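Text of the file run-v5.cif, holding mmCIF, C-alpha atoms and all ligand atoms:
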```cif
data_upload
loop_
_atom_site.group_PDB
_atom_site.id
_atom_site.type_symbol
_atom_site.label_atom_id
_atom_site.label_comp_id
_atom_site.auth_asym_id
_atom_site.auth_seq_id
_atom_site.Cartn_x
_atom_site.Cartn_y
_atom_site.Cartn_z
ATOM 1 C CA MET X 9 55.919 -44.877 -39.936
ATOM 2 C CA ASN X 10 52.857 -42.782 -40.859
ATOM 3 C CA ILE X 11 49.656 -43.368 -38.923
ATOM 4 C CA VAL X 12 46.180 -41.880 -39.343
ATOM 5 C CA LEU X 13 43.727 -41.814 -36.445
ATOM 6 C CA ILE X 14 40.078 -41.817 -37.475
ATOM 7 C CA GLY X 15 37.152 -41.583 -35.095
ATOM 8 C CA ILE X 16 34.031 -39.573 -34.465
ATOM 9 C CA GLN X 17 34.569 -36.373 -32.461
ATOM 10 C CA GLY X 18 34.910 -37.402 -28.804
ATOM 11 C CA SER X 19 36.215 -40.901 -29.590
ATOM 12 C CA GLY X 20 39.454 -40.112 -27.733
ATOM 13 C CA LYS X 21 41.997 -39.538 -30.513
ATOM 14 C CA GLY X 22 43.844 -36.866 -28.496
ATOM 15 C CA THR X 23 43.783 -39.071 -25.389
ATOM 16 C CA VAL X 24 45.325 -41.996 -27.293
ATOM 17 C CA VAL X 25 48.093 -39.728 -28.479
ATOM 18 C CA GLU X 26 48.813 -38.555 -24.926
ATOM 19 C CA ASN X 27 48.739 -42.095 -23.554
ATOM 20 C CA ILE X 28 51.139 -43.624 -26.073
ATOM 21 C CA SER X 29 53.608 -40.732 -26.134
ATOM 22 C CA SER X 30 55.808 -42.218 -23.393
ATOM 23 C CA GLN X 31 56.267 -45.454 -25.401
ATOM 24 C CA PHE X 32 56.503 -44.237 -28.965
ATOM 25 C CA GLU X 33 58.212 -41.184 -30.413
ATOM 26 C CA PHE X 34 56.271 -39.329 -33.084
ATOM 27 C CA ASP X 35 55.358 -35.982 -34.513
ATOM 28 C CA TYR X 36 51.701 -35.242 -33.795
ATOM 29 C CA ILE X 37 49.884 -33.399 -36.553
ATOM 30 C CA SER X 38 46.345 -32.447 -35.568
ATOM 31 C CA THR X 39 44.620 -30.184 -38.063
ATOM 32 C CA GLY X 40 42.085 -29.101 -35.420
ATOM 33 C CA LEU X 41 44.960 -28.008 -33.178
ATOM 34 C CA LEU X 42 46.752 -26.233 -36.030
ATOM 35 C CA LEU X 43 43.550 -24.392 -36.908
ATOM 36 C CA ARG X 44 42.918 -23.420 -33.278
ATOM 37 C CA GLU X 45 46.501 -22.071 -33.114
ATOM 38 C CA GLU X 46 45.762 -19.987 -36.195
ATOM 39 C CA ILE X 47 42.645 -18.611 -34.455
ATOM 40 C CA ALA X 48 44.618 -17.871 -31.256
ATOM 41 C CA SER X 49 47.232 -15.947 -33.276
ATOM 42 C CA GLY X 50 44.523 -13.386 -34.080
ATOM 43 C CA SER X 51 45.415 -13.397 -37.788
ATOM 44 C CA ARG X 52 42.856 -12.466 -40.419
ATOM 45 C CA LEU X 53 42.885 -16.077 -41.624
ATOM 46 C CA GLY X 54 42.276 -17.166 -38.020
ATOM 47 C CA MET X 55 39.166 -14.952 -37.818
ATOM 48 C CA GLN X 56 37.754 -16.513 -40.996
ATOM 49 C CA VAL X 57 38.541 -20.021 -39.772
ATOM 50 C CA LYS X 58 36.944 -19.334 -36.371
ATOM 51 C CA GLU X 59 33.564 -18.584 -37.898
ATOM 52 C CA ILE X 60 33.599 -21.791 -39.939
ATOM 53 C CA ILE X 61 34.755 -24.019 -37.070
ATOM 54 C CA ASN X 62 32.343 -22.600 -34.504
ATOM 55 C CA LYS X 63 29.422 -23.485 -36.760
ATOM 56 C CA GLY X 64 30.685 -27.069 -37.067
ATOM 57 C CA ASN X 65 31.539 -26.765 -40.755
ATOM 58 C CA LEU X 66 34.684 -28.029 -42.433
ATOM 59 C CA VAL X 67 37.472 -25.678 -43.445
ATOM 60 C CA ASP X 68 38.543 -25.449 -47.085
ATOM 61 C CA ASN X 69 40.608 -28.482 -48.216
ATOM 62 C CA GLN X 70 43.423 -26.392 -49.704
ATOM 63 C CA LEU X 71 43.888 -24.372 -46.541
ATOM 64 C CA VAL X 72 44.191 -27.518 -44.416
ATOM 65 C CA LEU X 73 46.526 -29.079 -46.963
ATOM 66 C CA ASP X 74 48.813 -26.026 -46.814
ATOM 67 C CA LEU X 75 49.011 -26.356 -43.011
ATOM 68 C CA ILE X 76 49.849 -30.075 -43.290
ATOM 69 C CA PHE X 77 52.418 -29.440 -45.986
ATOM 70 C CA LYS X 78 54.171 -26.800 -43.856
ATOM 71 C CA ARG X 79 54.248 -29.113 -40.833
ATOM 72 C CA LEU X 80 55.539 -32.108 -42.803
ATOM 73 C CA ARG X 81 58.295 -29.994 -44.334
ATOM 74 C CA ASN X 82 59.569 -29.104 -40.840
ATOM 75 C CA ASN X 83 59.178 -32.609 -39.453
ATOM 76 C CA LYS X 84 62.362 -34.397 -38.440
ATOM 77 C CA LYS X 85 60.843 -37.432 -36.722
ATOM 78 C CA ALA X 86 60.580 -40.874 -38.262
ATOM 79 C CA ASN X 87 56.984 -41.386 -37.139
ATOM 80 C CA VAL X 88 53.988 -39.152 -37.747
ATOM 81 C CA ILE X 89 50.477 -39.425 -36.318
ATOM 82 C CA PHE X 90 47.755 -37.531 -38.183
ATOM 83 C CA ASP X 91 44.636 -36.616 -36.215
ATOM 84 C CA GLY X 92 41.700 -34.964 -37.971
ATOM 85 C CA PHE X 93 43.301 -35.352 -41.371
ATOM 86 C CA PRO X 94 42.322 -36.698 -43.833
ATOM 87 C CA ARG X 95 38.664 -35.988 -43.229
ATOM 88 C CA ASN X 96 37.371 -37.013 -46.632
ATOM 89 C CA VAL X 97 38.470 -39.074 -49.629
ATOM 90 C CA SER X 98 39.692 -36.007 -51.483
ATOM 91 C CA GLN X 99 42.065 -35.157 -48.593
ATOM 92 C CA ALA X 100 43.185 -38.799 -48.447
ATOM 93 C CA LYS X 101 44.205 -38.585 -52.098
ATOM 94 C CA ASP X 102 46.093 -35.350 -51.374
ATOM 95 C CA LEU X 103 47.892 -37.008 -48.462
ATOM 96 C CA GLU X 104 48.960 -39.891 -50.720
ATOM 97 C CA LYS X 105 50.914 -37.382 -52.771
ATOM 98 C CA LEU X 106 52.799 -36.229 -49.665
ATOM 99 C CA CYS X 107 53.571 -39.514 -47.899
ATOM 100 C CA GLU X 108 52.824 -43.219 -47.749
ATOM 101 C CA LEU X 109 50.603 -44.493 -44.925
ATOM 102 C CA ASP X 110 51.439 -47.557 -42.832
ATOM 103 C CA LEU X 111 48.456 -47.812 -40.513
ATOM 104 C CA VAL X 112 44.960 -46.392 -40.038
ATOM 105 C CA VAL X 113 43.498 -46.779 -36.548
ATOM 106 C CA TYR X 114 39.714 -46.481 -36.419
ATOM 107 C CA LEU X 115 38.468 -45.637 -32.929
ATOM 108 C CA ASN X 116 34.931 -46.946 -33.022
ATOM 109 C CA LEU X 117 32.438 -45.221 -30.706
ATOM 110 C CA LYS X 118 28.649 -44.871 -30.863
ATOM 111 C CA LYS X 119 27.322 -41.387 -31.578
ATOM 112 C CA GLU X 120 25.371 -41.264 -28.270
ATOM 113 C CA ASP X 121 28.498 -42.051 -26.231
ATOM 114 C CA ALA X 122 30.532 -39.520 -28.204
ATOM 115 C CA PHE X 123 27.900 -36.866 -27.542
ATOM 116 C CA LYS X 124 28.048 -37.415 -23.768
ATOM 117 C CA ARG X 125 31.845 -37.249 -23.800
ATOM 118 C CA ILE X 126 31.988 -34.017 -25.779
ATOM 119 C CA LEU X 127 29.561 -32.277 -23.420
ATOM 120 C CA ASN X 128 31.930 -33.261 -20.576
ATOM 121 C CA ARG X 129 35.091 -32.140 -22.408
ATOM 122 C CA LEU X 130 37.465 -29.353 -21.385
ATOM 123 C CA ASN X 131 40.304 -28.036 -23.481
ATOM 124 C CA CYS X 132 43.475 -26.120 -22.668
ATOM 125 C CA PRO X 133 43.726 -23.049 -24.929
ATOM 126 C CA LYS X 134 47.480 -22.818 -24.218
ATOM 127 C CA CYS X 135 48.917 -26.336 -24.679
ATOM 128 C CA GLY X 136 45.976 -28.044 -26.419
ATOM 129 C CA LEU X 137 45.470 -30.748 -23.752
ATOM 130 C CA THR X 138 42.033 -32.331 -23.735
ATOM 131 C CA THR X 139 40.537 -33.422 -20.433
ATOM 132 C CA SER X 140 37.100 -33.613 -18.828
ATOM 133 C CA VAL X 141 35.035 -31.786 -16.237
ATOM 134 C CA ASP X 142 35.184 -34.965 -14.089
ATOM 135 C CA LYS X 143 38.983 -35.258 -14.233
ATOM 136 C CA ALA X 144 39.997 -31.599 -13.931
ATOM 137 C CA LYS X 145 37.694 -30.402 -11.174
ATOM 138 C CA SER X 146 39.895 -27.351 -10.434
ATOM 139 C CA GLY X 147 39.409 -26.117 -14.014
ATOM 140 C CA ILE X 148 43.200 -25.710 -14.322
ATOM 141 C CA CYS X 149 45.288 -27.498 -16.959
ATOM 142 C CA PRO X 150 47.318 -30.239 -15.207
ATOM 143 C CA SER X 151 50.008 -29.919 -17.862
ATOM 144 C CA CYS X 152 50.700 -26.160 -18.142
ATOM 145 C CA GLY X 153 48.546 -24.473 -15.460
ATOM 146 C CA ALA X 154 46.362 -22.416 -17.843
ATOM 147 C CA LYS X 155 42.616 -22.037 -17.290
ATOM 148 C CA LEU X 156 40.700 -24.809 -19.051
ATOM 149 C CA GLU X 157 37.826 -23.929 -21.386
ATOM 150 C CA ARG X 158 35.049 -25.625 -23.264
ATOM 151 C CA ARG X 159 35.790 -25.529 -26.984
ATOM 152 C CA ALA X 160 33.634 -22.942 -28.740
ATOM 153 C CA ASP X 161 32.496 -25.632 -31.209
ATOM 154 C CA ASP X 162 31.469 -28.035 -28.413
ATOM 155 C CA ASN X 163 27.903 -26.704 -28.415
ATOM 156 C CA GLU X 164 24.893 -28.820 -29.348
ATOM 157 C CA ASP X 165 24.278 -27.386 -32.830
ATOM 158 C CA ALA X 166 27.935 -27.558 -33.875
ATOM 159 C CA ILE X 167 28.312 -31.080 -32.422
ATOM 160 C CA ASN X 168 25.341 -32.322 -34.474
ATOM 161 C CA LYS X 169 26.709 -30.669 -37.608
ATOM 162 C CA ARG X 170 30.154 -32.230 -37.010
ATOM 163 C CA PHE X 171 28.631 -35.687 -36.475
ATOM 164 C CA GLU X 172 26.699 -35.285 -39.730
ATOM 165 C CA LYS X 173 29.948 -34.372 -41.526
ATOM 166 C CA PHE X 174 31.726 -37.305 -39.896
ATOM 167 C CA TYR X 175 29.224 -39.870 -41.202
ATOM 168 C CA SER X 176 28.844 -38.327 -44.659
ATOM 169 C CA GLU X 177 32.487 -37.397 -45.374
ATOM 170 C CA THR X 178 34.916 -39.113 -43.001
ATOM 171 C CA TYR X 179 33.284 -42.497 -42.371
ATOM 172 C CA PRO X 180 33.636 -43.568 -46.057
ATOM 173 C CA LEU X 181 37.398 -43.355 -45.482
ATOM 174 C CA ILE X 182 37.257 -46.544 -43.398
ATOM 175 C CA ASP X 183 36.203 -48.549 -46.456
ATOM 176 C CA TYR X 184 38.655 -46.635 -48.621
ATOM 177 C CA TYR X 185 41.543 -47.636 -46.334
ATOM 178 C CA LYS X 186 40.186 -51.158 -45.704
ATOM 179 C CA LYS X 187 40.620 -51.793 -49.423
ATOM 180 C CA GLN X 188 44.293 -50.883 -48.909
ATOM 181 C CA ASN X 189 44.497 -53.265 -45.942
ATOM 182 C CA LEU X 190 45.537 -50.486 -43.583
ATOM 183 C CA VAL X 191 42.741 -50.448 -40.988
ATOM 184 C CA VAL X 192 42.859 -51.680 -37.404
ATOM 185 C CA GLU X 193 39.594 -51.121 -35.532
ATOM 186 C CA VAL X 194 39.679 -50.412 -31.797
ATOM 187 C CA ASP X 195 36.703 -50.262 -29.424
ATOM 188 C CA ALA X 196 36.891 -46.679 -28.142
ATOM 189 C CA ASN X 197 34.477 -47.484 -25.305
ATOM 190 C CA LEU X 198 37.216 -49.325 -23.414
ATOM 191 C CA LYS X 199 39.220 -47.576 -20.685
ATOM 192 C CA PRO X 200 41.778 -45.037 -22.007
ATOM 193 C CA ASN X 201 44.772 -47.229 -21.033
ATOM 194 C CA GLU X 202 43.187 -50.271 -22.732
ATOM 195 C CA VAL X 203 42.576 -48.285 -25.908
ATOM 196 C CA ALA X 204 46.191 -47.042 -25.831
ATOM 197 C CA ASP X 205 47.471 -50.635 -25.337
ATOM 198 C CA LEU X 206 45.512 -51.838 -28.382
ATOM 199 C CA VAL X 207 46.826 -48.972 -30.496
ATOM 200 C CA MET X 208 50.409 -49.715 -29.368
ATOM 201 C CA ARG X 209 49.874 -53.386 -30.187
ATOM 202 C CA ALA X 210 48.770 -52.461 -33.719
ATOM 203 C CA ILE X 211 51.852 -50.244 -34.139
ATOM 204 C CA ASN X 212 54.211 -52.944 -32.850
ATOM 205 C CA GLU X 213 52.610 -55.638 -35.007
ATOM 206 C CA HIS X 214 53.007 -53.474 -38.061
ATOM 207 C CA ASN X 215 56.693 -52.845 -37.266
ATOM 208 C CA TYR X 216 57.246 -56.557 -36.588
ATOM 209 C CA GLN X 217 55.748 -57.566 -39.944
ATOM 210 C CA LYS X 218 57.978 -55.157 -41.847
HETATM 211 P P1 LIG F 301 38.941 -31.329 -34.506
HETATM 212 O O1 LIG F 301 39.827 -30.730 -33.463
HETATM 213 O O2 LIG F 301 39.611 -32.406 -35.302
HETATM 214 O O3 LIG F 301 37.596 -31.745 -33.967
HETATM 215 O O4 LIG F 301 38.645 -30.170 -35.562
HETATM 216 C C1 LIG F 301 37.951 -29.000 -35.196
HETATM 217 C C2 LIG F 301 37.405 -28.313 -36.443
HETATM 218 O O5 LIG F 301 38.487 -27.928 -37.301
HETATM 219 C C3 LIG F 301 36.518 -29.190 -37.330
HETATM 220 O O6 LIG F 301 35.173 -29.225 -36.890
HETATM 221 C C4 LIG F 301 36.648 -28.474 -38.690
HETATM 222 O O7 LIG F 301 35.888 -27.283 -38.713
HETATM 223 C C5 LIG F 301 38.121 -28.065 -38.682
HETATM 224 N N1 LIG F 301 38.976 -29.128 -39.265
HETATM 225 C C6 LIG F 301 39.886 -29.919 -38.614
HETATM 226 N N2 LIG F 301 40.486 -30.755 -39.468
HETATM 227 C C7 LIG F 301 39.956 -30.507 -40.694
HETATM 228 C C8 LIG F 301 40.161 -31.049 -41.987
HETATM 229 N N3 LIG F 301 41.031 -32.055 -42.197
HETATM 230 N N4 LIG F 301 39.447 -30.538 -43.028
HETATM 231 C C9 LIG F 301 38.564 -29.532 -42.835
HETATM 232 N N5 LIG F 301 38.313 -28.970 -41.648
HETATM 233 C C10 LIG F 301 38.992 -29.442 -40.560
#
```
Could you spell out this file's structure in structure tokens?
Amino acid sequence: MNIVLIGIQGSGKGTVVENISSQFEFDYISTGLLLREEIASGSRLGMQVKEIINKGNLVDNQLVLDLIFKRLRNNKKANVIFDGFPRNVSQAKDLEKLCELDLVVYLNLKKEDAFKRILNRLNCPKCGLTTSVDKAKSGICPSCGAKLERRADDNEDAINKRFEKFYSETYPLIDYYKKQNLVVEVDANLKPNEVADLVMRAINEHNYQK
């Protein structure tokens, strides 16, 4: 089963993935995470990518596609969850050539609420866990013990640029996938466990109908 998670930055895509992982086995492919790993590796490509990401711009389609392709080739699991990909209709068409989608979950959150959440967000540079200043008061990752950081692109200018890109490039994907009858919309303002329950319900309903 191939699932795409779509939602404005801060809508809780990573949190959903963490919260359903005990009930559903899947390979998690997050292009943001893959790109941050490339940056952390210190490669020349990583340095180029860093500059683009920190300004809130999108990385070249072909580069992201290559990363996805490599990950899919190594994937052995029956279920895949894509987070952060596709980000525009062109990438959606590329993905169609690689695999067939079963479900698109749209985590719907207002821009103002997303903004507040991102300013409160902390990220683990080692294991990729996303948490918040409120939850991780010690500043230490509860999963691997590394020191939590704010993401370099979680600054006001980059956030505004990313929101702009979301509405102009990614949001049209909802209609694109609605026409294919793939979209389930979830209110991302609910509590994290409620959001996860709704996502699991959508997954189970899809499997039941098959
Ligand atoms: P995310 O972790 O999904 O918020 O992604 C962080 C940053 O990585 C984005 O702001 C983009 O610069 C870049 N990025 C992630 N996914 C994509 C994608 N599918 N296409 C282009 N750039 C991407």
Q) On this structure, which residues satisfy the PyMOL selection byres (((not hetatm)) within 9 of (chain F and resi 301)), written as an MDAnalysis selection string? A) chainID X and resid 16:18 21:22 38:44 57:58 60:73 91:96 99 161 166:167 169:170 173
Export of prior selection with C-alpha atoms as a PDB file, in the frame of the given file:
```pdb
ATOM      1  CA  ILE X  16      34.031 -39.573 -34.465  1.00  0.00           C
ATOM      2  CA  GLN X  17      34.569 -36.373 -32.461  1.00  0.00           C
ATOM      3  CA  GLY X  18      34.910 -37.402 -28.804  1.00  0.00           C
ATOM      4  CA  LYS X  21      41.997 -39.538 -30.513  1.00  0.00           C
ATOM      5  CA  GLY X  22      43.844 -36.866 -28.496  1.00  0.00           C
ATOM      6  CA  SER X  38      46.345 -32.447 -35.568  1.00  0.00           C
ATOM      7  CA  THR X  39      44.620 -30.184 -38.063  1.00  0.00           C
ATOM      8  CA  GLY X  40      42.085 -29.101 -35.420  1.00  0.00           C
ATOM      9  CA  LEU X  41      44.960 -28.008 -33.178  1.00  0.00           C
ATOM     10  CA  LEU X  42      46.752 -26.233 -36.030  1.00  0.00           C
ATOM     11  CA  LEU X  43      43.550 -24.392 -36.908  1.00  0.00           C
ATOM     12  CA  ARG X  44      42.918 -23.420 -33.278  1.00  0.00           C
ATOM     13  CA  VAL X  57      38.541 -20.021 -39.772  1.00  0.00           C
ATOM     14  CA  LYS X  58      36.944 -19.334 -36.371  1.00  0.00           C
ATOM     15  CA  ILE X  60      33.599 -21.791 -39.939  1.00  0.00           C
ATOM     16  CA  ILE X  61      34.755 -24.019 -37.070  1.00  0.00           C
ATOM     17  CA  ASN X  62      32.343 -22.600 -34.504  1.00  0.00           C
ATOM     18  CA  LYS X  63      29.422 -23.485 -36.760  1.00  0.00           C
ATOM     19  CA  GLY X  64      30.685 -27.069 -37.067  1.00  0.00           C
ATOM     20  CA  ASN X  65      31.539 -26.765 -40.755  1.00  0.00           C
ATOM     21  CA  LEU X  66      34.684 -28.029 -42.433  1.00  0.00           C
ATOM     22  CA  VAL X  67      37.472 -25.678 -43.445  1.00  0.00           C
ATOM     23  CA  ASP X  68      38.543 -25.449 -47.085  1.00  0.00           C
ATOM     24  CA  ASN X  69      40.608 -28.482 -48.216  1.00  0.00           C
ATOM     25  CA  GLN X  70      43.423 -26.392 -49.704  1.00  0.00           C
ATOM     26  CA  LEU X  71      43.888 -24.372 -46.541  1.00  0.00           C
ATOM     27  CA  VAL X  72      44.191 -27.518 -44.416  1.00  0.00           C
ATOM     28  CA  LEU X  73      46.526 -29.079 -46.963  1.00  0.00           C
ATOM     29  CA  ASP X  91      44.636 -36.616 -36.215  1.00  0.00           C
ATOM     30  CA  GLY X  92      41.700 -34.964 -37.971  1.00  0.00           C
ATOM     31  CA  PHE X  93      43.301 -35.352 -41.371  1.00  0.00           C
ATOM     32  CA  PRO X  94      42.322 -36.698 -43.833  1.00  0.00           C
ATOM     33  CA  ARG X  95      38.664 -35.988 -43.229  1.00  0.00           C
ATOM     34  CA  ASN X  96      37.371 -37.013 -46.632  1.00  0.00           C
ATOM     35  CA  GLN X  99      42.065 -35.157 -48.593  1.00  0.00           C
ATOM     36  CA  ASP X 161      32.496 -25.632 -31.209  1.00  0.00           C
ATOM     37  CA  ALA X 166      27.935 -27.558 -33.875  1.00  0.00           C
ATOM     38  CA  ILE X 167      28.312 -31.080 -32.422  1.00  0.00           C
ATOM     39  CA  LYS X 169      26.709 -30.669 -37.608  1.00  0.00           C
ATOM     40  CA  ARG X 170      30.154 -32.230 -37.010  1.00  0.00           C
ATOM     41  CA  LYS X 173      29.948 -34.372 -41.526  1.00  0.00           C
TER      42      LYS X 173
END
```
**Q.** Length of the CA of Ala204 in chain X to CA of Val24 in chain X vector [Å]
**A.** 5.3 Å
Draw an axis-aligned box over all listed atoms of range 74-92 of chain X, pad each side with 6 Å, and write its centre and edge lengths in Å, one decimal, as JSON.
```
{"center_x": 52.0, "center_y": -33.7, "center_z": -41.5, "size_x": 32.7, "size_y": 27.4, "size_z": 22.6}
```
Q: Would you list the contacts of Val207 in chain X as a list in words, taking every protein, DNA or RNA residue within 9 Å and counting only C-alpha atoms, but skipping same-chain residues closer than 6 positions in sequence?
A: Val24, Ile28, Val113, Val192 and Val194 of chain X
Q: Extract, using all atoms listed in the file, all DNA, RNA and protein residues at most 12 Å from range 195-197 of chain X, discarding same-chain residues fewer than 2 positions from it, and format them as a count of residues only.
A: 33
(Q) Considering all atoms listed in the file, can you say which of X:Leu75, X:Cys132, X:Val141, X:Ile37 comes closest to Asn87 in chain X? (A) X:Ile37
Q.
Here's the selection I'm unsure about, the PyMOL selection byres (((chain X and resi 100) around 12) and not hetatm); applied to the file above, which residues does it give, as a VMD selection string?
A. chain X and resid 12 14 69 73 90 92 to 99 101 to 109 112 177 to 178 180 to 182 184 to 185
**Q.** Atomic separation - CA of Thr138 in chain X relative to CA of Arg79 in chain X, Å
**A.**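 Between CA of Arg79 in chain X and CA of Thr138 in chain X the gap is 21.3 Å.
Put simply, CA of Val88 in chain X is 14.0 Å away from CA of Asn215 in chain X.
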Q | Nearest residue to Gln31 in chain X from the set X:Lys134, X:Met208, X:Pro150, X:His214 (distances using all atoms listed in the file) | A |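 For Gln31 in chain X, the nearest of the candidates is X:Met208.
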For a quick check of your reading of the model, name the residues lying within 6 Å of the coordinate (37.4, -30.2, -25.8), counting all atoms listed in the file, and write them as an mmCIF file with C-alpha atoms, keeping the file's coordinate frame.
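Final output, saved to result.cif:
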```
data_model
loop_
_atom_site.group_PDB
_atom_site.id
_atom_site.type_symbol
_atom_site.label_atom_id
_atom_site.label_comp_id
_atom_site.auth_asym_id
_atom_site.auth_seq_id
_atom_site.Cartn_x
_atom_site.Cartn_y
_atom_site.Cartn_z
ATOM 1 C CA ARG X 129 35.091 -32.140 -22.408
ATOM 2 C CA LEU X 130 37.465 -29.353 -21.385
ATOM 3 C CA ASN X 131 40.304 -28.036 -23.481
ATOM 4 C CA THR X 138 42.033 -32.331 -23.735
ATOM 5 C CA ARG X 158 35.049 -25.625 -23.264
ATOM 6 C CA ARG X 159 35.790 -25.529 -26.984
#
```
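The shortest atom-to-atom distance to Leu156 in chain X, with all atoms listed in the file taken into account, belongs to X:Pro133 out of X:Pro133, X:Leu111, X:Glu172, X:Val25.
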